[in-house]
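Novice: Before anything else, here's the structure in question.
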Amino acid sequence: TSTPTVVHTLPSGEGLYLLPCQLFFINNSTPPVSVVCVEPVGDVYSDLVIFDIPWGMMEAAWDVQMTLDQLVGVIRQVGVCQDHLDNNFTFVIWHQSTDTKMVHDAFKSENYKNITDFYWHKEGHKGNQIQRVLTPAIECATIAHYKSLNDCTVRNMPPDPRQRHNLITVPHITSFALDANQKKINAAEKPRPLAQFFVDHYCPQGGNVLVIGAGAGGDVFGALDGGANVVAVERD
């Protein structure tokens with residue numbers, strides 16, 4: 001509806017192309033991709049963003065561990081579009097424990113506040129079968145609020161701090177979503193209650209959630225279960 005204004009240019013290579021109403025993955029872009037914002041039609045914004053970043057632990061072509069610069073690029077692009085709408089929001093990133101510092105650094109570089117680590121205890125997870133080795137039954141996420149916690153939605157928080165610890169116990173996935181060839185769509189699929197938890201606490205009722213990397217749809221369905229509207233992006 002208007003002439004796009006270039007607000008940030010990505011380096012040559014893989015990137016995201018963001019508009020207030022659309023999100024596209026662009027692979028191996030040459031020349032460099034420009035992120036543009038155009039005048040939105042209606043209120044198109046995100047109250048909550050969920051991103052399960054690649055871990056680099058599987059054979060899938062998409063599972064390539066991100067660098068700090070790549071992660072900052074994605075976080076910056078999301079912020080650019082929300083700035084255009086003068087909107088603050090909460091961003092949740094699932095990641096390996098070894099990537100915690102990188103995620104914190106990426107959030108800090110883009111002016112996020114109240115950065116908090118969060119843990120999922122995978123109830124019933126068997127993991128390592130060697131008796132002398134502890135079973136890895138925890139996955140990590142980091143929660144951050146864009147610009148100001150006070151301007152982001154926060155709800156359903158009990159007054160007693162003992163009732164709002166930064167972890168949740170949810171059974172691990174035992175029945176994975178399958179593709180047309182009866183193969184697992186995503187071996188790292190998340191159970192629905194995780195996204196629903198974040199919606200219940202960081203998204204207004206009927207608010208908007210952006211899921212980057214929809215995978216098998218666990219985060220998408222969980223956000224829908226929480227009563228949110230969802231925009232889901234999947235490059236594969």
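A note on labels: chains of the structure tokens are A, B, ... as shown, every chain counts residues from 1, and ligands are counted from 1 in their shown order.
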Tell me which protein, DNA and RNA residues are within 6 Å of Tyr146 in chain A, counting only C-alpha atoms, leaving out same-chain ones fewer than 6 positions away, and put them as JSON, numbers by chain.
Specialist: {"A": [88, 89, 112]}
Novice: Do a neighbour search on Lys190 in chain A at 8 Å with only C-alpha atoms, toss out local chain neighbours closer than 5 positions, and write the hits as a ChimeraX atom specification.
Specialist: /A:172-173,218-219
Novice: Could you write out that same residue set with all heavy atoms as an mmCIF file, in the first residue's frame?
Specialist:
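File written: selection_1.cif
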data_model
loop_
_atom_site.group_PDB
_atom_site.id
_atom_site.type_symbol
_atom_site.label_atom_id
_atom_site.label_comp_id
_atom_site.auth_asym_id
_atom_site.auth_seq_id
_atom_site.Cartn_x
_atom_site.Cartn_y
_atom_site.Cartn_z
ATOM 1 N N HIS A 172 7.205 -36.102 28.470
ATOM 2 C CA HIS A 172 7.834 -35.974 27.152
ATOM 3 C C HIS A 172 6.961 -36.621 26.084
ATOM 4 O O HIS A 172 6.030 -37.372 26.387
ATOM 5 C CB HIS A 172 9.236 -36.606 27.164
ATOM 6 C CG HIS A 172 9.212 -38.111 27.251
ATOM 7 N ND1 HIS A 172 9.734 -38.928 26.278
ATOM 8 C CD2 HIS A 172 8.699 -38.943 28.198
ATOM 9 C CE1 HIS A 172 9.562 -40.199 26.616
ATOM 10 N NE2 HIS A 172 8.948 -40.241 27.776
ATOM 11 N N ILE A 173 7.266 -36.291 24.843
ATOM 12 C CA ILE A 173 6.500 -36.834 23.717
ATOM 13 C C ILE A 173 6.781 -38.332 23.565
ATOM 14 O O ILE A 173 7.940 -38.762 23.514
ATOM 15 C CB ILE A 173 6.872 -36.103 22.412
ATOM 16 C CG1 ILE A 173 6.345 -34.671 22.424
ATOM 17 C CG2 ILE A 173 6.326 -36.849 21.195
ATOM 18 C CD1 ILE A 173 4.878 -34.535 22.182
ATOM 19 N N GLY A 218 3.684 -28.770 17.471
ATOM 20 C CA GLY A 218 3.428 -28.813 18.904
ATOM 21 C C GLY A 218 3.189 -27.436 19.502
ATOM 22 O O GLY A 218 2.233 -27.228 20.270
ATOM 23 N N ASP A 219 4.052 -26.460 19.162
ATOM 24 C CA ASP A 219 3.883 -25.104 19.678
ATOM 25 C C ASP A 219 2.632 -24.448 19.110
ATOM 26 O O ASP A 219 1.948 -23.675 19.790
ATOM 27 C CB ASP A 219 5.112 -24.247 19.344
ATOM 28 C CG ASP A 219 6.335 -24.653 20.140
ATOM 29 O OD1 ASP A 219 6.168 -25.189 21.249
ATOM 30 O OD2 ASP A 219 7.466 -24.429 19.657
#
Novice: Please compute the CA of Phe107 in chain A-CA of Asp160 in chain A distance, one decimal, in Å.
Specialist: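 Going from CA of Phe107 in chain A over to CA of Asp160 in chain A, I get 27.9 Å.
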Novice: Given only C-alpha atoms as the basis, pick out the residue of A:Gly79, A:Gly226, A:Gly127, A:Pro161 nearest to Ala195 in chain A.
Specialist: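 Of all the options, A:Gly226 lies closest to Ala195 in chain A.
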Novice: Please, which residues of range 172-232 of chain A, numbered as in this document, come out helix (DSSP H, G or I) from DSSP, as a ChimeraX atom specification?
Specialist: /A:192-202,218-225
Novice: Which one is closest to Trp55 in chain A: A:Ala232, A:Ala188, A:Leu71, A:Ala106? Count only C-alpha atoms.
Specialist: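 The answer is A:Ala188, which sits nearest to Trp55 in chain A.
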Novice: Near Pro193 in chain A, within 10 Å and counting only C-alpha atoms, which residues show up once chain neighbours fewer than 2 positions away are dropped, as a PDB file with C-alpha atoms, in the first residue's frame?
Specialist:
ATOM      1  CA  ILE A 168       7.394 -26.838  34.407  1.00  0.00           C
ATOM      2  CA  THR A 169       6.984 -30.621  34.587  1.00  0.00           C
ATOM      3  CA  VAL A 170       5.314 -32.017  31.489  1.00  0.00           C
ATOM      4  CA  PRO A 171       5.551 -35.585  30.138  1.00  0.00           C
ATOM      5  CA  LYS A 190       7.521 -30.255  21.868  1.00  0.00           C
ATOM      6  CA  PRO A 191       4.375 -31.239  23.783  1.00  0.00           C
ATOM      7  CA  ALA A 195       3.347 -23.339  24.464  1.00  0.00           C
ATOM      8  CA  GLN A 196       0.022 -23.195  26.276  1.00  0.00           C
ATOM      9  CA  PHE A 197       1.890 -22.296  29.485  1.00  0.00           C
ATOM     10  CA  PHE A 198       3.571 -19.341  27.782  1.00  0.00           C
ATOM     11  CA  VAL A 199       0.274 -18.193  26.261  1.00  0.00           C
ATOM     12  CA  GLY A 218       3.428 -28.813  18.904  1.00  0.00           C
ATOM     13  CA  ASP A 219       3.883 -25.104  19.678  1.00  0.00           C
ATOM     14  CA  PHE A 221      -1.443 -26.507  18.716  1.00  0.00           C
ATOM     15  CA  GLY A 222      -0.396 -25.550  22.243  1.00  0.00           C
ATOM     16  CA  ALA A 223      -0.893 -21.851  21.502  1.00  0.00           C
ATOM     17  CA  ASP A 225      -5.194 -24.634  23.018  1.00  0.00           C
ATOM     18  CA  GLY A 226      -4.464 -21.479  25.025  1.00  0.00           C
TER      19      GLY A 226
END
